[in-house]
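Student: Dropping in upload.txt, which is compact mmCIF, C-alpha atoms:
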```
# COMPACT_ATOMS: atom_id res chain seq x y z
CA MET A 1 -15.07 -8.34 4.50
CA SER A 2 -15.00 -10.64 1.44
CA ASN A 3 -12.05 -10.82 -0.94
CA ARG A 4 -14.33 -9.73 -3.74
CA LEU A 5 -15.32 -6.56 -1.89
CA LEU A 6 -11.71 -5.82 -1.00
CA LYS A 7 -10.70 -6.13 -4.65
CA SER A 8 -13.56 -3.83 -5.64
CA LEU A 9 -12.54 -1.17 -3.12
CA PHE A 10 -8.88 -1.42 -4.18
CA SER A 11 -9.80 -1.01 -7.84
CA ARG A 12 -11.88 2.06 -7.10
CA PHE A 13 -9.16 3.67 -5.04
CA ALA A 14 -6.61 2.90 -7.76
CA ILE A 15 -8.74 4.92 -10.17
CA VAL A 16 -8.62 7.85 -7.81
CA ALA A 17 -4.84 7.54 -7.43
CA VAL A 18 -4.48 7.79 -11.19
CA CYS A 19 -6.91 10.70 -11.32
CA SER A 20 -4.84 12.62 -8.80
CA LEU A 21 -2.40 13.32 -11.62
CA VAL A 22 -5.06 15.11 -13.67
CA LEU A 23 -6.67 18.50 -13.23
CA PRO A 24 -10.34 19.16 -13.93
CA SER A 25 -11.68 19.60 -17.43
CA ILE A 26 -14.25 22.36 -16.93
CA GLY A 27 -14.66 23.69 -20.41
CA MET A 28 -13.35 23.87 -23.94
CA SER A 29 -10.10 25.78 -24.48
CA ALA A 30 -7.43 25.49 -27.16
CA PRO A 31 -4.19 23.98 -25.78
CA GLU A 32 -2.19 25.65 -28.55
CA ASP A 33 -3.12 29.17 -27.39
CA VAL A 34 -0.85 31.01 -24.98
CA PRO A 35 -2.74 31.20 -21.67
CA ALA A 36 -4.59 34.49 -21.23
CA PRO A 37 -2.67 36.80 -18.89
CA PHE A 38 -3.70 37.29 -15.30
CA PRO A 39 -5.90 40.44 -15.47
CA GLN A 40 -4.09 42.16 -12.58
CA SER A 41 -0.70 41.97 -14.26
CA THR A 42 1.36 43.89 -16.82
CA LEU A 43 3.39 42.30 -19.61
CA GLU A 44 7.07 43.19 -19.12
CA ASN A 45 8.83 41.04 -21.71
CA THR A 46 8.21 38.40 -24.38
CA VAL A 47 10.88 35.93 -25.51
CA ARG A 48 10.58 33.71 -28.56
CA ILE A 49 11.75 30.15 -27.79
CA GLU A 50 12.99 27.93 -30.63
CA SER A 51 15.29 25.19 -29.43
CA SER A 52 16.37 21.66 -30.19
CA GLY A 53 17.22 21.17 -26.52
CA HIS A 54 15.25 23.50 -24.24
CA LEU A 55 15.79 22.68 -20.55
CA ILE A 56 12.62 21.77 -18.65
CA LEU A 57 12.62 20.51 -15.06
CA PHE A 58 10.19 17.92 -13.71
CA SER A 59 11.58 17.78 -10.15
CA PRO A 60 13.23 20.17 -7.66
CA LEU A 61 16.53 21.65 -8.73
CA ARG A 62 19.87 22.13 -7.07
CA GLU A 63 23.16 23.61 -8.19
CA VAL A 64 26.41 21.64 -8.04
CA ASN A 65 29.63 23.28 -9.27
CA ASN A 66 27.59 25.83 -11.24
CA GLU A 67 25.65 23.06 -12.97
CA ILE A 68 21.93 22.48 -12.69
CA ARG A 69 21.01 19.13 -11.22
CA SER A 70 17.52 17.67 -10.98
CA GLU A 71 16.30 14.11 -10.56
CA THR A 72 14.03 14.44 -13.60
CA MET A 73 14.77 16.94 -16.32
CA ALA A 74 14.86 16.95 -20.09
CA ARG A 75 16.22 18.99 -22.96
CA LEU A 76 13.41 18.97 -25.48
CA PRO A 77 12.91 20.19 -29.06
CA VAL A 78 10.28 22.91 -28.65
CA SER A 79 8.90 26.08 -30.18
CA GLY A 80 6.89 28.73 -28.42
CA GLU A 81 7.45 31.72 -26.20
CA GLY A 82 8.04 32.92 -22.67
CA ARG A 83 6.26 35.91 -21.12
CA LEU A 84 7.20 37.92 -18.06
CA TYR A 85 4.41 39.68 -16.15
CA GLN A 86 4.54 41.99 -13.16
CA ILE A 87 1.63 41.53 -10.75
CA ALA A 88 -0.26 44.61 -9.55
CA ARG A 89 0.40 45.63 -5.97
CA ASP A 90 -3.25 45.18 -4.98
CA SER A 91 -3.19 41.55 -6.13
CA SER A 92 -0.94 38.57 -5.37
CA ARG A 93 1.02 35.80 -7.00
CA GLU A 94 -1.31 33.25 -5.36
CA GLN A 95 -4.22 34.77 -7.27
CA ALA A 96 -2.15 34.74 -10.45
CA ARG A 97 -1.31 31.06 -9.96
CA ASP A 98 -4.99 30.26 -9.40
CA HIS A 99 -5.83 32.09 -12.64
CA TYR A 100 -3.45 29.92 -14.66
CA LEU A 101 -4.57 26.76 -12.88
CA ARG A 102 -8.15 27.49 -13.95
CA ILE A 103 -7.01 27.77 -17.56
CA LEU A 104 -5.10 24.50 -17.29
CA ARG A 105 -8.18 22.80 -15.85
CA GLN A 106 -10.21 24.03 -18.81
CA ARG A 107 -7.69 22.36 -21.08
CA ASN A 108 -7.77 19.09 -19.13
CA ALA A 109 -4.06 19.56 -18.46
CA GLN A 110 -1.92 16.93 -16.81
CA ILE A 111 0.25 18.39 -14.06
CA LEU A 112 3.67 16.80 -14.51
CA PHE A 113 5.37 18.48 -11.56
CA ASP A 114 4.73 21.31 -9.12
CA CYS A 115 6.49 22.66 -6.07
CA GLU A 116 6.32 25.55 -3.61
CA GLY A 117 8.83 27.49 -1.56
CA ILE A 118 12.22 26.13 -0.61
CA ARG A 119 11.25 22.69 -1.95
CA CYS A 120 11.64 24.05 -5.50
CA GLY A 121 15.31 24.89 -4.98
CA ARG A 122 17.10 28.25 -5.04
CA SER A 123 15.29 31.13 -6.69
CA ASN A 124 18.48 32.58 -8.16
CA VAL A 125 19.06 29.34 -10.11
CA TRP A 126 15.52 29.39 -11.50
CA ALA A 127 15.85 33.06 -12.43
CA ASN A 128 19.31 33.16 -13.98
CA GLN A 129 20.13 29.64 -15.17
CA VAL A 130 16.76 28.10 -16.01
CA PHE A 131 14.67 31.03 -17.30
CA GLY A 132 17.35 33.64 -18.01
CA GLN A 133 15.28 36.38 -16.37
CA ALA A 134 17.24 38.12 -13.61
CA VAL A 135 14.15 40.00 -12.43
CA LEU A 136 12.74 36.68 -11.19
CA LEU A 137 15.39 36.51 -8.47
CA GLY A 138 13.44 36.49 -5.22
CA ARG A 139 12.98 34.76 -1.91
CA ASP A 140 13.38 30.98 -1.87
CA ALA A 141 10.41 30.68 0.51
CA THR A 142 8.05 32.70 -1.72
CA GLN A 143 8.20 30.99 -5.09
CA ASP A 144 6.31 28.23 -6.85
CA TYR A 145 6.62 26.37 -10.12
CA LEU A 146 4.59 23.95 -12.18
CA VAL A 147 4.81 22.29 -15.57
CA ALA A 148 1.70 20.90 -17.23
CA GLY A 149 1.06 19.03 -20.46
CA THR A 150 -1.91 19.26 -22.84
CA VAL A 151 -2.82 17.58 -26.12
CA ALA A 152 -4.47 19.54 -28.94
CA GLU A 153 -7.12 18.11 -31.28
CA ASP A 154 -4.50 17.60 -33.98
CA GLY A 155 -2.45 15.45 -31.57
CA SER A 156 0.26 18.03 -30.94
CA ARG A 157 1.62 18.20 -27.40
CA TRP A 158 2.05 21.41 -25.47
CA LEU A 159 3.88 22.19 -22.24
CA THR A 160 3.00 25.16 -20.05
CA LEU A 161 5.42 26.31 -17.34
CA ILE A 162 4.28 28.74 -14.62
CA TYR A 163 6.75 30.28 -12.16
CA THR A 164 5.77 32.95 -9.63
CA VAL A 165 8.03 34.72 -7.15
CA THR A 166 8.10 37.54 -4.62
CA ARG A 167 11.24 39.70 -4.81
CA GLY A 168 13.00 41.28 -1.86
CA ASN A 169 11.26 44.60 -2.63
CA LEU A 170 7.91 42.74 -2.39
CA ARG A 171 7.16 43.13 -6.10
CA GLU A 172 5.72 39.93 -7.56
CA TYR A 173 6.22 38.39 -10.98
CA VAL A 174 4.92 35.55 -13.14
CA TRP A 175 6.94 33.82 -15.85
CA VAL A 176 4.91 31.76 -18.35
CA GLU A 177 6.38 29.48 -21.00
CA HIS A 178 4.05 27.89 -23.54
CA LEU A 179 5.79 25.41 -25.79
CA ARG A 180 4.93 22.99 -28.56
CA VAL A 181 6.92 19.77 -28.29
CA GLU A 182 8.12 18.25 -31.52
CA ALA A 183 6.63 14.88 -32.45
CA GLY A 184 8.61 11.88 -31.23
CA ALA A 185 10.22 13.61 -28.24
CA THR A 186 9.85 11.86 -24.90
CA VAL A 187 8.36 14.04 -22.16
CA PRO A 188 8.80 12.59 -18.64
CA GLY A 189 5.46 11.48 -17.23
CA PHE A 190 3.37 12.90 -20.07
CA GLY A 191 0.73 10.72 -21.65
CA SER A 192 0.67 8.09 -18.90
CA VAL A 193 -2.90 8.89 -17.77
CA SER A 194 -5.89 7.50 -19.63
CA ARG A 195 -7.95 10.14 -21.45
CA ARG A 196 -11.03 8.20 -20.34
CA VAL A 197 -10.69 9.91 -16.98
CA GLU A 198 -12.09 13.44 -16.57
CA GLY A 199 -11.36 15.28 -13.35
CA PRO A 200 -11.16 15.57 -10.49
CA ILE A 201 -13.54 18.50 -10.15
CA ILE A 202 -13.00 19.90 -6.67
CA VAL A 203 -16.19 20.59 -4.69
CA PRO A 204 -15.49 22.13 -1.24
CA TRP A 205 -18.19 21.54 1.36
CA GLN A 206 -19.31 23.00 4.66
CA GLY A 207 -21.87 21.95 7.22
CA GLY A 208 -22.90 19.19 9.58
CA VAL A 209 -26.58 18.24 9.45
CA THR A 210 -27.07 20.00 6.14
CA TYR A 211 -24.29 20.69 3.64
CA ARG A 212 -23.35 23.56 1.36
CA PHE A 213 -21.31 22.81 -1.74
CA ASN A 214 -19.13 25.46 -3.36
CA TRP A 215 -18.92 24.68 -7.05
CA GLN A 216 -19.54 26.54 -10.26
CA ALA A 217 -22.55 26.06 -12.52
CA THR A 218 -20.15 25.18 -15.35
CA ASP A 219 -18.77 22.31 -13.26
CA ARG A 220 -22.26 20.98 -12.53
CA ARG A 221 -23.21 21.12 -16.20
CA LEU A 222 -19.98 19.38 -17.17
CA VAL A 223 -20.62 16.46 -14.83
CA THR A 224 -24.18 16.12 -16.10
CA ASP A 225 -23.05 16.23 -19.74
CA LEU A 226 -20.27 13.67 -19.24
CA ALA A 227 -22.61 11.36 -17.35
CA ARG A 228 -24.89 11.16 -20.38
CA GLU A 229 -22.33 9.04 -22.20
CA GLU A 230 -23.36 5.40 -22.17
CA GLY A 231 -21.50 3.42 -19.53
CA ALA A 232 -20.01 6.49 -17.80
CA VAL A 233 -19.29 6.18 -14.07
CA VAL A 234 -19.31 9.22 -11.78
CA ALA A 235 -17.02 8.64 -8.81
CA LEU A 236 -17.52 10.83 -5.74
CA VAL A 237 -14.42 10.80 -3.56
CA GLY A 238 -15.02 12.27 -0.13
CA TYR A 239 -12.24 14.00 1.83
CA SER A 240 -12.19 15.62 5.25
CA VAL A 241 -9.64 17.37 7.43
CA LEU A 242 -8.84 15.71 10.75
CA GLU A 243 -9.87 18.42 13.19
CA GLU A 244 -8.43 18.98 16.64
CA ASN A 245 -9.91 16.57 19.22
CA GLU A 246 -11.59 14.58 16.43
CA THR A 247 -11.09 10.86 15.94
CA PHE A 248 -10.28 9.32 12.58
CA SER A 249 -13.68 7.58 12.56
CA GLU A 250 -15.46 10.88 13.17
CA ALA A 251 -13.59 12.52 10.29
CA MET A 252 -14.50 9.59 8.05
CA ASP A 253 -18.15 9.90 9.05
CA ARG A 254 -18.18 13.60 8.16
CA ALA A 255 -16.69 12.86 4.75
CA ARG A 256 -19.21 10.06 4.19
CA GLN A 257 -22.22 12.18 5.10
CA ALA A 258 -21.10 15.07 2.89
CA THR A 259 -20.46 12.72 -0.04
CA GLU A 260 -23.87 11.11 0.37
CA SER A 261 -25.44 14.57 0.41
CA LEU A 262 -23.71 15.52 -2.86
CA SER A 263 -24.83 12.20 -4.32
CA GLU A 264 -28.43 13.18 -3.57
CA VAL A 265 -27.90 16.55 -5.27
CA LEU A 266 -26.51 14.88 -8.39
CA SER A 267 -29.33 12.35 -8.53
CA LYS A 268 -31.82 15.24 -8.59
CA THR A 269 -29.95 17.01 -11.40
CA GLY A 270 -29.75 14.15 -13.87
CA VAL A 271 -27.03 11.78 -12.63
CA PRO A 272 -28.82 8.67 -11.30
CA LYS A 273 -27.35 6.82 -8.34
CA SER A 274 -26.94 3.75 -10.54
CA GLN A 275 -24.12 5.66 -12.30
CA GLN A 276 -22.47 6.85 -9.10
CA GLU A 277 -19.71 5.27 -7.04
CA MET A 278 -18.83 6.70 -3.63
CA ILE A 279 -15.31 6.35 -2.24
CA ILE A 280 -14.66 7.72 1.24
CA VAL A 281 -11.06 8.75 1.88
CA GLY A 282 -11.54 11.22 4.74
CA PRO A 283 -8.19 12.47 6.07
CA ALA A 284 -6.31 9.32 4.97
CA VAL A 285 -4.79 10.85 1.81
CA VAL A 286 -3.04 14.24 1.76
CA PHE A 287 -2.07 16.25 -1.34
CA ASN A 288 0.46 19.09 -1.56
CA GLY A 289 -1.39 21.17 -4.16
CA PRO A 290 -3.14 24.26 -2.76
CA ASP A 291 -6.34 23.49 -4.67
CA ARG A 292 -6.71 20.03 -3.10
CA GLN A 293 -7.02 20.89 0.57
CA GLY A 294 -9.81 20.97 3.15
CA ASP A 295 -13.21 19.31 3.38
CA ARG A 296 -14.19 18.50 -0.18
CA VAL A 297 -15.63 15.97 -2.60
CA GLU A 298 -13.67 15.31 -5.77
CA VAL A 299 -15.84 14.29 -8.71
CA VAL A 300 -14.27 12.07 -11.35
CA VAL A 301 -16.04 10.82 -14.49
CA ILE A 302 -14.74 7.62 -16.10
CA SER A 303 -15.97 6.92 -19.60
CA ARG A 304 -16.67 3.44 -20.87
```
Could I get this file's structure written as structure tokens?
Tutor:
Amino acid sequence: MSNRLLKSLFSRFAIVAVCSLVLPSIGMSAPEDVPAPFPQSTLENTVRIESSGHLILFSPLREVNNEIRSETMARLPVSGEGRLYQIARDSSREQARDHYLRILRQRNAQILFDCEGIRCGRSNVWANQVFGQAVLLGRDATQDYLVAGTVAEDGSRWLTLIYTVTRGNLREYVWVEHLRVEAGATVPGFGSVSRRVEGPIIVPWQGGVTYRFNWQATDRRLVTDLAREEGAVVALVGYSVLEENETFSEAMDRARQATESLSEVLSKTGVPKSQQEMIIVGPAVVFNGPDRQGDRVEVVVISR
């Protein structure tokens, strides 16, 4: 393989590595609006937040001598509010989390940190010392947290925090903080990704000889619309799960064939192959996020 080809492949994969920090932009939504509540939930409490030093964590927490410790945290000047919701018994906190993730994708949010279960730290510390909501005290193994950043059209920056937990009585709750960050404040990790990158849009696939792609019509239209921009490149990044008794090469071949199939679909719907770049990852890269698992193609659009 020539040095030139190696450099080309490395550059393409570097783009994907950067894109892994960004969630899909699948529609227009105002970053300054408090995220719409999960439909199967009931508002329990609303807290106005006005602070010159509001504590926000960007890494797992721990408690040492009754003090919160975290590798990356900040006390930021913010204004906004926190909302506590109780999830209906016939629903789940996973569905609630997915609801808020969809909203964040619509806003082209940048996920700054997320964690699940024990990796987040102790639930009682999140409940009592971080959020000040005792009702959020639950099981360490059944909690998750994320903080995401968005930029409004006027340039203002917004942080959205989502924490879900299952209590010992099996009742489930969501805590949402939506905060405007004052100009000039430094937010760890925010703003480091180029706004020229849109995506990834996650497209799960199934099949062998023929392939079925599970993606929304709004996602397809978005890719087509973004591709119309002069010089835009549509990167198709193919992933596969290494199945039992399957070799790495076989998993790579499955990912390649599925990605080529999606490429054909796009070429028939207005995205010519001359604009497309295929990158086959297969099972070689693993993400922790629940929405980036399984056999899938991730579509990323890079503007000129």
Student: With the cut-off set at 6 Å and counting all atoms listed in the file, tabulate each residue of range 256-287 of chain A with an atom at most that distance from an atom of range 232-248 of chain A, showing the nearest atom pair and its distance in Å to one decimal, ordered by chain and increasing number, as a Markdown table.
Tutor:
```
| residue | atom | partner | partner_atom | distance |
| --- | --- | --- | --- | --- |
| A:Thr259 | CA | A:Gly238 | CA | 5.5 |
| A:Gln275 | CA | A:Val233 | CA | 5.2 |
| A:Gln276 | CA | A:Val234 | CA | 4.8 |
| A:Glu277 | CA | A:Ala235 | CA | 4.7 |
| A:Met278 | CA | A:Leu236 | CA | 4.8 |
| A:Ile279 | CA | A:Val237 | CA | 4.7 |
| A:Ile280 | CA | A:Gly238 | CA | 4.8 |
| A:Val281 | CA | A:Tyr239 | CA | 5.4 |
| A:Gly282 | CA | A:Tyr239 | CA | 4.1 |
| A:Pro283 | CA | A:Ser240 | CA | 5.2 |
```
Student: So that I can see what lies close to range 52-57 of chain A, please list as an MDAnalysis selection string the residues with an atom at most 6 Å from it, counting all atoms listed in the file and leaving out residues fewer than 5 positions away in the same chain.
Tutor: chainID A and resid 73:77
Student: Could you tell me how far CA of Glu32 in chain A sits from CA of Ser156 in chain A, in Å to one decimal place?
Tutor: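 If I compute the distance from CA of Ser156 in chain A to CA of Glu32 in chain A, I get 8.4 Å.
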Student: What is the distance between CA of Val297 in chain A and CA of Glu116 in chain A, in Å to one decimal?
Tutor: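 About the pair CA of Val297 in chain A and CA of Glu116 in chain A: they are 24.0 Å apart.
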Student: What's the separation between CA of Ser267 in chain A and CA of Thr224 in chain A, in Å to one decimal place?
Tutor: 9.9 Å
Student: Which residue gives the smallest distance to Trp175 in chain A among A:Arg157, A:Arg83, A:Arg304, A:Arg256, with all atoms listed in the file counted?
Tutor: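 Under the stated criterion, the closest residue is A:Arg83.
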Student: Would you mind listing, for every residue of range 70-142 of chain A within 9 Å of range 160-163 of chain A, the two atoms forming the shortest contact and the distance between them in Å to one decimal, using only C-alpha atoms, sorted by chain and ascending residue number, as a Markdown table?
Tutor:
```
| residue | atom | partner | partner_atom | distance |
| --- | --- | --- | --- | --- |
| A:Gly82 | CA | A:Leu161 | CA | 8.9 |
| A:Arg97 | CA | A:Ile162 | CA | 7.6 |
| A:Tyr100 | CA | A:Ile162 | CA | 7.8 |
| A:Leu104 | CA | A:Thr160 | CA | 8.6 |
| A:Trp126 | CA | A:Tyr163 | CA | 8.8 |
| A:Leu136 | CA | A:Tyr163 | CA | 8.8 |
```
Student: List the neighbours of Leu101 in chain A out to 12 Å using all atoms listed in the file; skip same-chain residues closer than 3 positions along the sequence, and give me the result as an MDAnalysis selection string.
Tutor: chainID A and resid 22:26 35:38 94:98 104:111 114 145:148 160:163 289:291
Student: Complete range 256-267 of chain A with all heavy atoms (output as a PDB file, keeping the file's coordinate frame).
Tutor:
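Dumped everything to part-v5.pdb:
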```
ATOM      1  N   ARG A 256     -18.181  10.941   4.748  1.00  0.00           N
ATOM      2  CA  ARG A 256     -19.210  10.060   4.190  1.00  0.00           C
ATOM      3  C   ARG A 256     -20.554  10.783   4.066  1.00  0.00           C
ATOM      4  O   ARG A 256     -21.235  10.707   3.032  1.00  0.00           O
ATOM      5  CB  ARG A 256     -19.365   8.814   5.060  1.00  0.00           C
ATOM      6  CG  ARG A 256     -20.422   7.831   4.548  1.00  0.00           C
ATOM      7  CD  ARG A 256     -20.493   6.585   5.399  1.00  0.00           C
ATOM      8  NE  ARG A 256     -19.252   5.811   5.292  1.00  0.00           N
ATOM      9  CZ  ARG A 256     -18.301   5.781   6.214  1.00  0.00           C
ATOM     10  NH1 ARG A 256     -18.443   6.489   7.342  1.00  0.00           N
ATOM     11  NH2 ARG A 256     -17.207   5.072   6.032  1.00  0.00           N
ATOM     12  N   GLN A 257     -20.931  11.495   5.125  1.00  0.00           N
ATOM     13  CA  GLN A 257     -22.220  12.180   5.100  1.00  0.00           C
ATOM     14  C   GLN A 257     -22.257  13.278   4.047  1.00  0.00           C
ATOM     15  O   GLN A 257     -23.264  13.452   3.349  1.00  0.00           O
ATOM     16  CB  GLN A 257     -22.509  12.758   6.491  1.00  0.00           C
ATOM     17  CG  GLN A 257     -22.767  11.698   7.552  1.00  0.00           C
ATOM     18  CD  GLN A 257     -22.776  12.267   8.959  1.00  0.00           C
ATOM     19  OE1 GLN A 257     -22.889  13.476   9.153  1.00  0.00           O
ATOM     20  NE2 GLN A 257     -22.635  11.400   9.949  1.00  0.00           N
ATOM     21  N   ALA A 258     -21.156  14.021   3.906  1.00  0.00           N
ATOM     22  CA  ALA A 258     -21.100  15.070   2.890  1.00  0.00           C
ATOM     23  C   ALA A 258     -21.162  14.472   1.487  1.00  0.00           C
ATOM     24  O   ALA A 258     -21.846  15.002   0.600  1.00  0.00           O
ATOM     25  CB  ALA A 258     -19.834  15.897   3.066  1.00  0.00           C
ATOM     26  N   THR A 259     -20.464  13.366   1.281  1.00  0.00           N
ATOM     27  CA  THR A 259     -20.460  12.720  -0.040  1.00  0.00           C
ATOM     28  C   THR A 259     -21.841  12.181  -0.375  1.00  0.00           C
ATOM     29  O   THR A 259     -22.311  12.302  -1.521  1.00  0.00           O
ATOM     30  CB  THR A 259     -19.414  11.591  -0.069  1.00  0.00           C
ATOM     31  OG1 THR A 259     -18.139  12.108   0.324  1.00  0.00           O
ATOM     32  CG2 THR A 259     -19.298  11.001  -1.464  1.00  0.00           C
ATOM     33  N   GLU A 260     -22.509  11.594   0.599  1.00  0.00           N
ATOM     34  CA  GLU A 260     -23.870  11.110   0.370  1.00  0.00           C
ATOM     35  C   GLU A 260     -24.822  12.258   0.046  1.00  0.00           C
ATOM     36  O   GLU A 260     -25.721  12.116  -0.791  1.00  0.00           O
ATOM     37  CB  GLU A 260     -24.358  10.359   1.616  1.00  0.00           C
ATOM     38  CG  GLU A 260     -23.656   9.020   1.826  1.00  0.00           C
ATOM     39  CD  GLU A 260     -24.035   8.366   3.151  1.00  0.00           C
ATOM     40  OE1 GLU A 260     -24.670   9.054   3.987  1.00  0.00           O
ATOM     41  OE2 GLU A 260     -23.683   7.191   3.347  1.00  0.00           O
ATOM     42  N   SER A 261     -24.604  13.408   0.693  1.00  0.00           N
ATOM     43  CA  SER A 261     -25.440  14.570   0.410  1.00  0.00           C
ATOM     44  C   SER A 261     -25.240  15.061  -1.020  1.00  0.00           C
ATOM     45  O   SER A 261     -26.204  15.379  -1.726  1.00  0.00           O
ATOM     46  CB  SER A 261     -25.128  15.688   1.410  1.00  0.00           C
ATOM     47  OG  SER A 261     -25.921  16.825   1.160  1.00  0.00           O
ATOM     48  N   LEU A 262     -23.968  15.111  -1.479  1.00  0.00           N
ATOM     49  CA  LEU A 262     -23.710  15.520  -2.860  1.00  0.00           C
ATOM     50  C   LEU A 262     -24.284  14.506  -3.835  1.00  0.00           C
ATOM     51  O   LEU A 262     -24.771  14.863  -4.914  1.00  0.00           O
ATOM     52  CB  LEU A 262     -22.212  15.694  -3.086  1.00  0.00           C
ATOM     53  CG  LEU A 262     -21.822  16.205  -4.473  1.00  0.00           C
ATOM     54  CD1 LEU A 262     -22.440  17.568  -4.759  1.00  0.00           C
ATOM     55  CD2 LEU A 262     -20.304  16.287  -4.625  1.00  0.00           C
ATOM     56  N   SER A 263     -24.241  13.240  -3.473  1.00  0.00           N
ATOM     57  CA  SER A 263     -24.830  12.200  -4.320  1.00  0.00           C
ATOM     58  C   SER A 263     -26.320  12.452  -4.531  1.00  0.00           C
ATOM     59  O   SER A 263     -26.840  12.295  -5.646  1.00  0.00           O
ATOM     60  CB  SER A 263     -24.612  10.826  -3.677  1.00  0.00           C
ATOM     61  OG  SER A 263     -25.310   9.822  -4.386  1.00  0.00           O
ATOM     62  N   GLU A 264     -27.006  12.867  -3.460  1.00  0.00           N
ATOM     63  CA  GLU A 264     -28.430  13.180  -3.570  1.00  0.00           C
ATOM     64  C   GLU A 264     -28.648  14.363  -4.514  1.00  0.00           C
ATOM     65  O   GLU A 264     -29.578  14.360  -5.335  1.00  0.00           O
ATOM     66  CB  GLU A 264     -29.005  13.501  -2.197  1.00  0.00           C
ATOM     67  CG  GLU A 264     -29.100  12.310  -1.256  1.00  0.00           C
ATOM     68  CD  GLU A 264     -30.175  11.319  -1.682  1.00  0.00           C
ATOM     69  OE1 GLU A 264     -31.046  11.691  -2.506  1.00  0.00           O
ATOM     70  OE2 GLU A 264     -30.153  10.176  -1.194  1.00  0.00           O
ATOM     71  N   VAL A 265     -27.779  15.378  -4.396  1.00  0.00           N
ATOM     72  CA  VAL A 265     -27.900  16.550  -5.270  1.00  0.00           C
ATOM     73  C   VAL A 265     -27.747  16.140  -6.724  1.00  0.00           C
ATOM     74  O   VAL A 265     -28.536  16.542  -7.595  1.00  0.00           O
ATOM     75  CB  VAL A 265     -26.841  17.606  -4.897  1.00  0.00           C
ATOM     76  CG1 VAL A 265     -26.821  18.731  -5.927  1.00  0.00           C
ATOM     77  CG2 VAL A 265     -27.110  18.172  -3.511  1.00  0.00           C
ATOM     78  N   LEU A 266     -26.743  15.313  -7.010  1.00  0.00           N
ATOM     79  CA  LEU A 266     -26.510  14.880  -8.390  1.00  0.00           C
ATOM     80  C   LEU A 266     -27.670  14.045  -8.923  1.00  0.00           C
ATOM     81  O   LEU A 266     -28.055  14.165 -10.096  1.00  0.00           O
ATOM     82  CB  LEU A 266     -25.207  14.091  -8.480  1.00  0.00           C
ATOM     83  CG  LEU A 266     -23.913  14.905  -8.385  1.00  0.00           C
ATOM     84  CD1 LEU A 266     -22.707  13.985  -8.391  1.00  0.00           C
ATOM     85  CD2 LEU A 266     -23.815  15.905  -9.519  1.00  0.00           C
ATOM     86  N   SER A 267     -28.221  13.208  -8.077  1.00  0.00           N
ATOM     87  CA  SER A 267     -29.330  12.350  -8.530  1.00  0.00           C
ATOM     88  C   SER A 267     -30.551  13.175  -8.901  1.00  0.00           C
ATOM     89  O   SER A 267     -31.362  12.763  -9.743  1.00  0.00           O
ATOM     90  CB  SER A 267     -29.689  11.329  -7.440  1.00  0.00           C
ATOM     91  OG  SER A 267     -30.238  11.974  -6.307  1.00  0.00           O
TER      92      SER A 267
END
```
